[in-house]
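What follows is the content of structure07.cif, which has mmCIF, C-alpha atoms and all ligand atoms:
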data_protein
#
loop_
_atom_site.label_atom_id
_atom_site.label_comp_id
_atom_site.auth_asym_id
_atom_site.auth_seq_id
_atom_site.Cartn_x
_atom_site.Cartn_y
_atom_site.Cartn_z
CA MET A 604 6.88 -22.15 -9.85
CA THR A 605 9.79 -19.76 -10.39
CA VAL A 606 10.67 -17.58 -7.44
CA THR A 607 14.07 -15.97 -7.32
CA LEU A 608 15.47 -14.51 -4.11
CA ARG A 609 18.46 -12.27 -4.63
CA PRO A 610 20.96 -10.84 -2.14
CA THR A 611 20.84 -7.19 -1.20
CA GLN A 612 23.54 -4.78 -2.30
CA VAL A 613 23.02 -1.14 -1.46
CA LEU A 614 24.68 1.32 -3.82
CA THR A 615 26.57 4.24 -2.33
CA GLY A 616 25.44 7.78 -2.96
CA THR A 617 21.73 7.06 -2.63
CA PRO A 618 19.54 8.67 0.03
CA THR A 619 19.12 6.67 3.22
CA LEU A 620 15.40 6.13 3.71
CA LEU A 621 14.61 5.67 7.40
CA GLY A 622 11.17 4.22 6.67
CA VAL A 623 7.70 5.00 5.32
CA ASP A 624 6.67 8.18 7.18
CA HIS A 625 3.10 8.26 5.87
CA LEU A 626 0.88 7.71 2.84
CA GLU A 627 -1.24 10.58 1.58
CA LEU A 628 -4.50 9.79 -0.22
CA TRP A 629 -6.16 12.37 -2.44
CA VAL A 630 -9.88 11.70 -2.25
CA GLY A 631 -13.29 13.20 -3.01
CA SER A 632 -14.27 13.61 0.64
CA ALA A 633 -11.60 13.60 3.33
CA ARG A 634 -14.23 13.75 6.06
CA ALA A 635 -15.98 10.61 4.77
CA TRP A 636 -12.69 8.75 4.29
CA ALA A 637 -11.48 9.69 7.78
CA SER A 638 -14.75 8.39 9.24
CA PHE A 639 -14.43 5.20 7.20
CA LEU A 640 -10.87 4.50 8.37
CA SER A 641 -11.90 5.26 11.92
CA SER A 642 -15.07 3.15 12.06
CA THR A 643 -13.89 0.16 10.03
CA PHE A 644 -10.11 -0.06 10.58
CA GLY A 645 -9.93 1.62 13.98
CA PHE A 646 -7.69 4.52 12.94
CA VAL A 647 -7.59 7.54 15.22
CA PRO A 648 -7.49 11.13 13.95
CA VAL A 649 -4.34 12.72 15.39
CA ALA A 650 -4.24 15.95 13.40
CA TYR A 651 -6.26 18.12 11.03
CA SER A 652 -5.55 21.00 8.70
CA GLY A 653 -7.96 23.16 6.73
CA PRO A 654 -9.40 26.67 6.74
CA GLU A 655 -9.43 26.66 10.56
CA THR A 656 -5.64 26.24 10.56
CA GLY A 657 -4.99 28.75 7.77
CA VAL A 658 -5.05 26.35 4.79
CA ARG A 659 -7.51 27.73 2.23
CA ASP A 660 -7.74 25.16 -0.56
CA ARG A 661 -7.87 21.73 1.11
CA VAL A 662 -8.65 19.76 4.25
CA SER A 663 -6.50 16.92 5.60
CA TYR A 664 -7.01 14.43 8.39
CA VAL A 665 -4.03 12.47 9.73
CA MET A 666 -5.29 9.00 10.70
CA ALA A 667 -2.93 6.92 12.85
CA GLN A 668 -2.60 3.38 14.19
CA GLY A 669 0.67 1.87 15.43
CA THR A 670 3.31 3.62 13.30
CA ILE A 671 0.94 3.75 10.29
CA ARG A 672 -0.22 7.20 9.24
CA TYR A 673 -2.60 8.01 6.40
CA VAL A 674 -3.01 11.66 5.50
CA ILE A 675 -6.45 11.94 3.90
CA THR A 676 -6.78 15.08 1.81
CA SER A 677 -9.54 16.54 -0.34
CA SER A 678 -9.81 19.79 -2.25
CA ILE A 679 -12.35 22.41 -1.17
CA VAL A 680 -11.99 24.37 -4.42
CA SER A 681 -12.75 23.16 -7.94
CA ASN A 682 -9.53 24.33 -9.52
CA SER A 683 -6.68 22.44 -7.83
CA PRO A 684 -4.27 19.57 -8.51
CA ILE A 685 -6.19 17.49 -5.94
CA ALA A 686 -9.51 18.03 -7.74
CA GLU A 687 -7.82 17.21 -11.07
CA TYR A 688 -6.31 14.03 -9.60
CA VAL A 689 -9.64 12.86 -8.19
CA LYS A 690 -11.43 13.67 -11.44
CA ARG A 691 -9.01 11.48 -13.38
CA HIS A 692 -8.27 8.66 -10.94
CA GLY A 693 -10.94 8.67 -8.27
CA ASP A 694 -9.60 8.26 -4.71
CA GLY A 695 -6.04 6.99 -4.50
CA VAL A 696 -2.58 7.18 -2.97
CA ARG A 697 -0.91 10.39 -4.10
CA THR A 698 2.18 10.25 -1.88
CA ILE A 699 4.42 7.57 -0.43
CA ALA A 700 6.47 9.63 2.03
CA PHE A 701 9.84 8.55 3.37
CA SER A 702 11.51 9.77 6.56
CA VAL A 703 15.05 11.01 5.91
CA ASP A 704 17.76 12.83 7.84
CA ASP A 705 18.25 15.48 5.16
CA ALA A 706 15.37 16.14 2.75
CA ALA A 707 17.25 18.68 0.61
CA MET A 708 20.18 16.34 0.11
CA ALA A 709 17.86 13.38 -0.65
CA PHE A 710 16.01 15.51 -3.20
CA GLU A 711 19.18 16.76 -4.89
CA THR A 712 20.67 13.26 -5.00
CA VAL A 713 17.69 11.61 -6.65
CA VAL A 714 17.10 14.51 -9.07
CA ALA A 715 20.78 14.27 -10.10
CA ARG A 716 20.09 10.58 -10.74
CA GLY A 717 17.19 11.44 -13.04
CA ALA A 718 14.08 11.70 -10.82
CA THR A 719 11.50 14.32 -11.86
CA PRO A 720 11.16 17.15 -9.31
CA VAL A 721 7.60 17.77 -8.09
CA ALA A 722 8.24 20.08 -5.11
CA ILE A 723 11.62 21.64 -4.33
CA PRO A 724 12.83 21.50 -0.70
CA SER A 725 10.77 23.75 1.53
CA ARG A 726 11.00 24.47 5.24
CA SER A 727 7.96 25.11 7.39
CA LYS A 728 7.91 26.07 11.03
CA ASP A 729 5.66 26.62 14.01
CA ASP A 730 6.02 26.67 17.81
CA PHE A 731 6.97 22.98 17.78
CA GLY A 732 9.97 23.22 15.46
CA THR A 733 10.82 23.07 11.80
CA MET A 734 10.28 20.46 9.09
CA THR A 735 11.69 20.21 5.58
CA THR A 736 9.94 18.38 2.76
CA ALA A 737 10.61 17.82 -0.95
CA SER A 738 8.94 15.58 -3.57
CA VAL A 739 9.75 13.74 -6.78
CA GLY A 740 7.50 11.85 -9.17
CA THR A 741 7.22 8.08 -9.54
CA TYR A 742 4.77 5.88 -11.52
CA GLY A 743 1.59 7.56 -12.78
CA ASP A 744 0.59 10.61 -10.74
CA THR A 745 2.17 9.15 -7.59
CA VAL A 746 4.99 10.98 -5.80
CA HIS A 747 7.63 10.25 -3.18
CA THR A 748 8.02 12.93 -0.53
CA PHE A 749 11.10 13.21 1.68
CA ILE A 750 10.24 14.27 5.25
CA GLU A 751 12.95 15.68 7.51
CA HIS A 752 11.49 16.06 10.98
CA ASP A 753 14.51 17.81 12.50
CA LYS A 754 13.23 17.24 16.06
CA TYR A 755 9.78 18.60 15.13
CA THR A 756 7.54 17.84 18.11
CA GLY A 757 4.10 18.90 16.81
CA LEU A 758 1.20 16.53 16.08
CA PHE A 759 2.14 16.07 12.42
CA ALA A 760 3.42 19.16 10.62
CA PRO A 761 3.11 22.96 10.82
CA SER A 762 -0.44 24.03 9.84
CA PHE A 763 -1.92 20.95 11.54
CA LYS A 764 -3.74 20.99 14.88
CA ALA A 765 -5.74 18.45 16.90
CA ALA A 766 -8.78 17.02 15.05
CA GLU A 767 -11.39 18.52 17.34
CA GLY A 768 -14.94 17.21 17.45
CA PHE A 769 -14.08 13.94 15.72
CA VAL A 770 -15.89 11.12 17.50
CA VAL A 771 -14.08 7.78 17.23
CA PRO A 772 -16.71 5.02 17.08
CA PRO A 773 -16.36 2.16 19.57
CA GLY A 774 -15.03 -1.21 18.45
CA LYS A 775 -12.39 -3.81 19.18
CA PRO A 776 -8.84 -2.58 18.46
CA ALA A 777 -7.46 -3.79 15.14
CA ASN A 778 -3.87 -3.63 16.44
CA LEU A 779 -2.26 -2.85 13.09
CA THR A 780 1.35 -1.95 13.77
CA ARG A 781 3.23 -0.75 10.68
CA VAL A 782 3.26 -0.55 6.90
CA ASP A 783 4.70 -3.85 5.63
CA HIS A 784 4.79 -3.07 1.89
CA VAL A 785 3.23 -0.77 -0.71
CA VAL A 786 2.41 -2.25 -4.10
CA GLY A 787 2.22 -0.39 -7.42
CA ASN A 788 0.61 -1.39 -10.72
CA VAL A 789 2.33 -0.28 -13.94
CA GLY A 790 1.49 -0.79 -17.61
CA ARG A 791 2.21 -3.94 -19.56
CA GLY A 792 5.88 -4.11 -20.57
CA ASP A 793 6.85 -1.37 -18.07
CA LEU A 794 7.78 -3.54 -15.06
CA ASP A 795 11.49 -3.85 -15.80
CA ARG A 796 11.81 -0.15 -16.58
CA TRP A 797 10.31 0.79 -13.20
CA CYS A 798 12.48 -1.72 -11.32
CA ASP A 799 15.52 -0.21 -13.05
CA TRP A 800 14.24 3.23 -12.05
CA TYR A 801 14.06 2.30 -8.35
CA ALA A 802 17.53 0.73 -8.58
CA ARG A 803 19.03 3.76 -10.32
CA ILE A 804 17.26 6.54 -8.39
CA PHE A 805 16.99 5.06 -4.89
CA GLY A 806 19.59 2.26 -4.94
CA PHE A 807 16.85 -0.32 -4.33
CA THR A 808 17.57 -3.97 -5.05
CA GLU A 809 15.36 -6.84 -6.12
CA LEU A 810 14.07 -8.88 -3.16
CA ALA A 811 12.00 -11.32 -5.22
CA HIS A 812 10.52 -11.83 -8.65
CA PHE A 813 7.38 -13.75 -9.58
CA ASP A 814 6.87 -14.54 -13.22
CA ASP A 815 3.64 -14.91 -15.11
CA GLU A 816 3.66 -18.67 -14.71
CA THR A 817 3.70 -18.30 -10.91
CA ILE A 818 0.94 -15.72 -10.92
CA ALA A 819 -1.48 -17.19 -13.42
CA THR A 820 -5.01 -18.50 -13.11
CA GLU A 821 -7.07 -20.11 -15.80
CA TYR A 822 -8.01 -16.61 -16.97
CA SER A 823 -5.39 -13.99 -16.33
CA SER A 824 -1.86 -13.43 -15.22
CA LEU A 825 0.63 -10.86 -14.04
CA ARG A 826 4.34 -10.40 -13.39
CA SER A 827 5.64 -8.93 -10.14
CA THR A 828 9.01 -7.78 -8.82
CA VAL A 829 9.63 -6.77 -5.22
CA MET A 830 12.05 -3.83 -4.89
CA TRP A 831 13.33 -2.73 -1.48
CA ASN A 832 15.91 -0.59 0.29
CA GLY A 833 17.30 -3.52 2.28
CA GLY A 834 15.28 -2.36 5.31
CA SER A 835 11.71 -1.38 6.00
CA VAL A 836 10.85 0.15 2.62
CA VAL A 837 9.43 -2.69 0.50
CA MET A 838 7.76 -1.85 -2.81
CA PRO A 839 6.50 -4.66 -5.04
CA ILE A 840 5.54 -3.63 -8.60
CA ASN A 841 3.06 -5.52 -10.82
CA GLU A 842 2.40 -5.49 -14.54
CA PRO A 843 -0.39 -7.29 -16.41
CA ALA A 844 0.55 -10.28 -18.57
CA GLU A 845 -1.18 -12.01 -21.43
CA GLY A 846 -4.02 -14.32 -20.37
CA ARG A 847 -7.27 -15.71 -21.74
CA ARG A 848 -9.21 -12.86 -20.14
CA LYS A 849 -8.39 -9.40 -18.81
CA SER A 850 -5.71 -9.32 -16.10
CA GLN A 851 -6.85 -7.84 -12.77
CA ILE A 852 -3.91 -5.42 -13.15
CA GLN A 853 -5.31 -4.24 -16.48
CA GLU A 854 -8.71 -3.72 -14.86
CA TYR A 855 -6.99 -1.47 -12.30
CA LEU A 856 -5.11 0.46 -15.01
CA ASP A 857 -8.27 0.93 -17.09
CA TYR A 858 -10.26 2.34 -14.16
CA PHE A 859 -7.48 4.31 -12.45
CA GLU A 860 -6.54 5.61 -15.91
CA SER A 861 -2.83 5.36 -15.08
CA PRO A 862 -0.32 3.40 -13.02
CA GLY A 863 -0.74 3.82 -9.27
CA VAL A 864 -0.75 2.18 -5.85
CA GLN A 865 -2.75 -1.06 -5.82
CA HIS A 866 -2.56 -2.05 -2.17
CA VAL A 867 -0.99 -1.22 1.15
CA ALA A 868 -0.11 -4.14 3.43
CA MET A 869 -0.32 -3.46 7.17
CA HIS A 870 1.36 -5.71 9.72
CA THR A 871 -0.18 -7.15 12.86
CA SER A 872 1.35 -9.51 15.41
CA ASP A 873 -2.05 -11.17 15.96
CA ILE A 874 -3.93 -11.57 12.69
CA VAL A 875 -6.76 -13.61 14.24
CA GLY A 876 -7.47 -10.80 16.71
CA SER A 877 -7.08 -8.14 14.03
CA VAL A 878 -9.30 -9.82 11.45
CA THR A 879 -11.94 -10.66 14.08
CA ALA A 880 -12.06 -6.96 15.00
CA LEU A 881 -12.01 -5.76 11.38
CA ARG A 882 -14.82 -8.11 10.33
CA GLU A 883 -16.94 -7.01 13.30
CA ARG A 884 -16.27 -3.41 12.33
CA GLY A 885 -17.58 -4.10 8.83
CA VAL A 886 -14.43 -4.49 6.71
CA ARG A 887 -15.28 -6.60 3.66
CA MET A 888 -12.61 -9.23 2.99
CA LEU A 889 -12.04 -11.59 0.08
CA ARG A 890 -13.08 -15.19 0.61
CA VAL A 891 -11.41 -18.35 -0.65
CA PRO A 892 -13.20 -21.69 -1.17
CA VAL A 893 -13.06 -24.14 1.76
CA GLU A 894 -10.93 -26.52 -0.35
CA TYR A 895 -8.14 -23.96 -0.08
CA TYR A 896 -7.50 -25.19 3.47
CA ASP A 897 -6.99 -28.83 2.43
CA ASP A 898 -4.06 -27.80 0.27
CA ALA A 899 -2.90 -25.19 2.84
CA LYS A 900 -2.68 -27.81 5.61
CA ARG A 901 -0.44 -29.91 3.35
CA ARG A 902 1.79 -26.95 2.52
CA MET A 903 2.09 -25.96 6.19
CA GLU A 904 2.80 -29.45 7.53
CA GLY A 905 4.61 -29.34 10.87
CA ILE A 906 3.30 -25.87 11.81
CA ASP A 907 0.58 -25.81 14.44
CA LEU A 908 -2.14 -23.37 13.41
CA PRO A 909 -5.79 -22.77 14.50
CA TRP A 910 -7.18 -24.08 11.21
CA ASP A 911 -10.88 -23.79 12.05
CA THR A 912 -10.49 -20.15 13.07
CA LEU A 913 -8.35 -19.34 10.03
CA ALA A 914 -10.96 -20.91 7.73
CA GLU A 915 -13.82 -19.13 9.49
CA LEU A 916 -12.08 -15.77 9.09
CA GLY A 917 -10.74 -16.50 5.57
CA ILE A 918 -7.09 -15.99 6.56
CA LEU A 919 -4.53 -17.32 4.06
CA VAL A 920 -1.25 -19.01 4.98
CA ASP A 921 2.11 -19.50 3.29
CA ARG A 922 5.66 -20.45 4.19
CA ASP A 923 9.17 -19.90 2.92
CA PRO A 924 12.53 -21.26 4.10
CA GLU A 925 12.66 -18.70 6.92
CA GLY A 926 9.22 -19.14 8.45
CA TYR A 927 5.56 -18.61 7.67
CA LEU A 928 3.09 -15.82 7.16
CA LEU A 929 -0.66 -15.29 7.52
CA GLN A 930 -2.45 -12.77 5.31
CA ILE A 931 -5.85 -11.56 4.16
CA PHE A 932 -7.00 -9.03 1.57
CA THR A 933 -9.92 -6.62 1.70
CA GLU A 934 -12.25 -6.04 -1.21
CA THR A 935 -11.41 -2.84 -3.07
CA VAL A 936 -12.03 0.13 -0.78
CA THR A 937 -12.39 2.71 -3.56
CA ASP A 938 -15.51 3.13 -5.74
CA ARG A 939 -13.45 2.33 -8.82
CA PRO A 940 -12.17 -1.28 -8.58
CA CYS A 941 -8.64 -0.15 -7.79
CA MET A 942 -7.21 0.07 -4.28
CA PHE A 943 -7.38 -2.41 -1.42
CA PHE A 944 -5.62 -3.27 1.83
CA GLU A 945 -3.78 -6.37 3.01
CA ILE A 946 -3.36 -7.46 6.63
CA ILE A 947 -0.25 -9.59 7.22
CA GLN A 948 1.37 -11.37 10.15
CA ARG A 949 4.94 -12.51 9.57
CA GLU A 950 6.45 -15.30 11.63
CA GLY A 951 9.94 -15.20 10.14
CA ALA A 952 8.80 -15.40 6.52
CA LYS A 953 10.01 -12.63 4.20
CA GLY A 954 7.83 -13.64 1.22
CA PHE A 955 4.56 -12.29 -0.11
CA GLY A 956 2.34 -15.36 -0.11
CA ALA A 957 3.35 -16.85 -3.48
CA GLY A 958 1.61 -20.07 -2.42
CA ASN A 959 -1.63 -18.09 -2.17
CA PHE A 960 -1.43 -16.25 -5.44
CA LYS A 961 -3.62 -18.67 -7.37
CA ALA A 962 -6.39 -18.90 -4.75
CA LEU A 963 -6.21 -15.18 -4.13
CA PHE A 964 -6.36 -14.18 -7.76
CA GLU A 965 -9.24 -16.53 -8.42
CA SER A 966 -11.02 -14.78 -5.58
CA ILE A 967 -10.25 -11.37 -7.11
CA GLU A 968 -11.47 -12.64 -10.49
CA ARG A 969 -14.82 -13.65 -8.98
CA GLU A 970 -15.24 -10.00 -7.94
CA GLN A 971 -13.99 -8.83 -11.35
CA ALA A 972 -16.54 -11.09 -13.08
CA LYS A 973 -19.35 -9.55 -10.97
CA ARG A 974 -18.34 -6.16 -12.38
CA GLY A 975 -18.45 -7.54 -15.94
CA ASN A 976 -14.72 -6.89 -16.43
CA LEU A 977 -13.27 -10.40 -16.73
FE FE B 1001 0.88 -7.64 -0.70
#

As structure tokens, the full file:
Amino acid sequence: MTVTLRPTQVLTGTPTLLGVDHLELWVGSARAWASFLSSTFGFVPVAYSGPETGVRDRVSYVMAQGTIRYVITSSIVSNSPIAEYVKRHGDGVRTIAFSVDDAAMAFETVVARGATPVAIPSRSKDDFGTMTTASVGTYGDTVHTFIEHDKYTGLFAPSFKAAEGFVVPPGKPANLTRVDHVVGNVGRGDLDRWCDWYARIFGFTELAHFDDETIATEYSSLRSTVMWNGGSVVMPINEPAEGRRKSQIQEYLDYFESPGVQHVAMHTSDIVGSVTALRERGVRMLRVPVEYYDDAKRRMEGIDLPWDTLAELGILVDRDPEGYLLQIFTETVTDRPCMFFEIIQREGAKGFGAGNFKALFESIEREQAKRGNL
């Protein structure tokens, strides 16, 4: 196994990203997606925009839990960039938004460094203050938006109001706290170019790299590099590698019809409680064979864990020199076999579950085989 951990060095002159502000999904039906996130993952609608708030071409629901916010948007007209996106990709993450102190300066800095402008800085205002946003393109049809709140005290942004009439179904709280990392899939041979792009444009550095021998099953393999800002913005990138059968990353690229976000990992401080709640609420998770836990117990020697409960819930475990982590992956949540979620509890560990890659990918391949795509 080859895993390289490299020290952080932040370049000067790059925008300071304060964190992931929100993720915006462009989907076929925002109402259905909002209900799904509410009933299964326990998200609460905190804001809404649409015709009732003066927006004529789209509806958006802001779904929140902990500091995680998903903005779920669909077009209500046939001729719009949202409709075009959904026609080509199906439902997916359009925007990974970063909080910044100065959106105009962040935009100008990254455009000067070669980023493609998508939306120039624009200020919007209502009774609760002003906000400035600006966007640049990244892999595929995905964009990064800079959000400058400037003491804005409204529910989300001007043009949003409370999501009235939305009934949150009962269920145990999932207690998801924050976005841990956001993973992108890019085309074969493009991984290094995109890592260089994040280094050049955003001053990101490489936190870890996993080569195709680490992430290989009998059938397929992939390469992955974790880029980050040295703080809370952590963005692994995957590319497919040569294998006996089709890489799961290639299956994503074929169905999404471009690079894009593969999964969003959400942190919890109690994964047993979270996964118990999520399973009861109907979230479908990947399963590993029971033999996984024989090997896992050996790898985790000296750490006291509730093994029977972990096995019952299908929670995976891994360790690195700094601690351990517990994680689990959902099945794909989009109709196309593309996007899924990860739930992760970190107890000191800064890794991504390299010890689980084989078992996890074999589990993904079982699903891929059911679809006739392996
Ligand atoms: Fe992950």

| task | Do a neighbour search on A:Tyr895 at 12 Å with all atoms listed in the file, toss out local chain neighbours closer than 6 positions, and write the hits as a count of residues only. | result | 18

| said: When you look at A:Arg726 with a cut-off of 9 Å (counting all atoms listed in the file), what residues show up, excluding the ones that are within fewer than 2 positions of it in the same chain? I need them as JSON, numbers by chain. | reply: {"A": [724, 728, 733, 734, 735, 736]}

Can you spit out the residues from that selection as a CSV table (one decimal), in the coordinates of the input, using C-alpha atoms?
chain,number,residue,atom,x,y,z
A,724,PRO,CA,12.8,21.5,-0.7
A,728,LYS,CA,7.9,26.1,11.0
A,733,THR,CA,10.8,23.1,11.8
A,734,MET,CA,10.3,20.5,9.1
A,735,THR,CA,11.7,20.2,5.6
A,736,THR,CA,9.9,18.4,2.8

Could you produce a table of the residues of stretch 768-813 of chain A lying within 12 Å of stretch 940-948 of chain A, with the nearest pair of atoms per residue and their separation in Å rounded to one decimal, using only C-alpha atoms, ordered by chain and increasing residue number, as a tab-separated table?
residue	atom	partner	partner_atom	distance
A:Ala777	CA	A:Ile946	CA	10.1
A:Asn778	CA	A:Ile946	CA	10.5
A:Leu779	CA	A:Ile946	CA	8.0
A:Thr780	CA	A:Gln948	CA	10.1
A:Arg781	CA	A:Ile947	CA	10.1
A:Val782	CA	A:Ile946	CA	9.6
A:Asp783	CA	A:Ile947	CA	7.7
A:His784	CA	A:Glu945	CA	9.3
A:Val785	CA	A:Phe944	CA	9.5
A:Val786	CA	A:Met942	CA	9.9
A:Gly787	CA	A:Met942	CA	9.9
A:Asn788	CA	A:Cys941	CA	9.8

| said: To one decimal place in Å, what is the distance between atom CA of A:Leu856 and atom CA of A:Ala686? | reply: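 Atom CA of A:Ala686 lies at a distance of 19.5 Å from atom CA of A:Leu856.
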
| message | Here is a test: counting only C-alpha atoms, which residue of A:Tyr858, A:Phe805, A:Phe763, A:Phe701 is nearest to A:Val649? | response | A:Phe763

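One finds atom CA of A:Gly885 at 5.8 Å from atom CA of A:Thr643.
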
Could you pull stretch 629-701 of chain A out of the block above and give me C-alpha atoms, as a PDB file, in the first residue's frame?
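Dumped to part31.pdb:
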ATOM      1  CA  TRP A 629     -29.596  21.228  -9.474  1.00  0.00           C
ATOM      2  CA  VAL A 630     -32.315  18.601  -9.676  1.00  0.00           C
ATOM      3  CA  GLY A 631     -35.472  17.624 -11.559  1.00  0.00           C
ATOM      4  CA  SER A 632     -37.797  18.257  -8.607  1.00  0.00           C
ATOM      5  CA  ALA A 633     -36.643  20.427  -5.719  1.00  0.00           C
ATOM      6  CA  ARG A 634     -39.818  19.676  -3.789  1.00  0.00           C
ATOM      7  CA  ALA A 635     -39.245  15.901  -3.988  1.00  0.00           C
ATOM      8  CA  TRP A 636     -35.549  16.237  -3.101  1.00  0.00           C
ATOM      9  CA  ALA A 637     -36.321  18.497  -0.134  1.00  0.00           C
ATOM     10  CA  SER A 638     -38.845  15.953   1.140  1.00  0.00           C
ATOM     11  CA  PHE A 639     -36.317  13.153   0.640  1.00  0.00           C
ATOM     12  CA  LEU A 640     -33.569  14.936   2.590  1.00  0.00           C
ATOM     13  CA  SER A 641     -36.057  15.777   5.300  1.00  0.00           C
ATOM     14  CA  SER A 642     -37.637  12.336   5.727  1.00  0.00           C
ATOM     15  CA  THR A 643     -34.519  10.196   5.311  1.00  0.00           C
ATOM     16  CA  PHE A 644     -31.604  12.338   6.544  1.00  0.00           C
ATOM     17  CA  GLY A 645     -33.508  14.567   8.958  1.00  0.00           C
ATOM     18  CA  PHE A 646     -32.722  17.875   7.239  1.00  0.00           C
ATOM     19  CA  VAL A 647     -34.918  20.833   8.101  1.00  0.00           C
ATOM     20  CA  PRO A 648     -36.081  23.400   5.529  1.00  0.00           C
ATOM     21  CA  VAL A 649     -34.853  26.796   6.731  1.00  0.00           C
ATOM     22  CA  ALA A 650     -35.590  28.905   3.660  1.00  0.00           C
ATOM     23  CA  TYR A 651     -37.357  28.870   0.307  1.00  0.00           C
ATOM     24  CA  SER A 652     -37.309  30.977  -2.823  1.00  0.00           C
ATOM     25  CA  GLY A 653     -39.546  30.810  -5.879  1.00  0.00           C
ATOM     26  CA  PRO A 654     -42.375  32.722  -7.534  1.00  0.00           C
ATOM     27  CA  GLU A 655     -43.799  33.614  -4.095  1.00  0.00           C
ATOM     28  CA  THR A 656     -40.565  35.463  -3.273  1.00  0.00           C
ATOM     29  CA  GLY A 657     -40.226  37.132  -6.678  1.00  0.00           C
ATOM     30  CA  VAL A 658     -38.029  34.519  -8.406  1.00  0.00           C
ATOM     31  CA  ARG A 659     -39.711  33.565 -11.679  1.00  0.00           C
ATOM     32  CA  ASP A 660     -37.647  30.759 -13.198  1.00  0.00           C
ATOM     33  CA  ARG A 661     -36.726  28.400 -10.345  1.00  0.00           C
ATOM     34  CA  VAL A 662     -37.568  27.165  -6.860  1.00  0.00           C
ATOM     35  CA  SER A 663     -34.991  26.502  -4.135  1.00  0.00           C
ATOM     36  CA  TYR A 664     -35.231  24.929  -0.711  1.00  0.00           C
ATOM     37  CA  VAL A 665     -32.409  25.428   1.794  1.00  0.00           C
ATOM     38  CA  MET A 666     -32.117  22.223   3.842  1.00  0.00           C
ATOM     39  CA  ALA A 667     -30.032  22.470   7.021  1.00  0.00           C
ATOM     40  CA  GLN A 668     -28.570  20.218   9.704  1.00  0.00           C
ATOM     41  CA  GLY A 669     -25.693  21.214  11.999  1.00  0.00           C
ATOM     42  CA  THR A 670     -23.639  23.596   9.839  1.00  0.00           C
ATOM     43  CA  ILE A 671     -24.484  21.611   6.664  1.00  0.00           C
ATOM     44  CA  ARG A 672     -26.676  23.396   4.130  1.00  0.00           C
ATOM     45  CA  TYR A 673     -27.915  21.977   0.844  1.00  0.00           C
ATOM     46  CA  VAL A 674     -29.660  24.376  -1.508  1.00  0.00           C
ATOM     47  CA  ILE A 675     -31.949  22.237  -3.654  1.00  0.00           C
ATOM     48  CA  THR A 676     -32.940  23.997  -6.851  1.00  0.00           C
ATOM     49  CA  SER A 677     -35.052  23.036  -9.843  1.00  0.00           C
ATOM     50  CA  SER A 678     -36.120  24.967 -12.919  1.00  0.00           C
ATOM     51  CA  ILE A 679     -39.789  25.806 -13.444  1.00  0.00           C
ATOM     52  CA  VAL A 680     -39.245  26.771 -17.084  1.00  0.00           C
ATOM     53  CA  SER A 681     -37.987  24.549 -19.895  1.00  0.00           C
ATOM     54  CA  ASN A 682     -35.393  26.948 -21.229  1.00  0.00           C
ATOM     55  CA  SER A 683     -32.839  27.507 -18.458  1.00  0.00           C
ATOM     56  CA  PRO A 684     -29.297  26.500 -17.497  1.00  0.00           C
ATOM     57  CA  ILE A 685     -30.778  24.378 -14.686  1.00  0.00           C
ATOM     58  CA  ALA A 686     -33.020  22.454 -17.098  1.00  0.00           C
ATOM     59  CA  GLU A 687     -30.061  21.998 -19.470  1.00  0.00           C
ATOM     60  CA  TYR A 688     -27.879  20.733 -16.610  1.00  0.00           C
ATOM     61  CA  VAL A 689     -30.495  18.231 -15.444  1.00  0.00           C
ATOM     62  CA  LYS A 690     -31.123  17.059 -19.005  1.00  0.00           C
ATOM     63  CA  ARG A 691     -27.432  16.281 -19.446  1.00  0.00           C
ATOM     64  CA  HIS A 692     -26.388  15.082 -15.988  1.00  0.00           C
ATOM     65  CA  GLY A 693     -29.504  14.184 -14.059  1.00  0.00           C
ATOM     66  CA  ASP A 694     -29.552  15.487 -10.463  1.00  0.00           C
ATOM     67  CA  GLY A 695     -26.177  16.598  -9.147  1.00  0.00           C
ATOM     68  CA  VAL A 696     -24.067  19.103  -7.248  1.00  0.00           C
ATOM     69  CA  ARG A 697     -23.852  22.309  -9.267  1.00  0.00           C
ATOM     70  CA  THR A 698     -22.129  24.506  -6.678  1.00  0.00           C
ATOM     71  CA  ILE A 699     -19.598  24.052  -3.910  1.00  0.00           C
ATOM     72  CA  ALA A 700     -19.848  27.429  -2.171  1.00  0.00           C
ATOM     73  CA  PHE A 701     -17.125  28.845   0.057  1.00  0.00           C
TER      74      PHE A 701
END
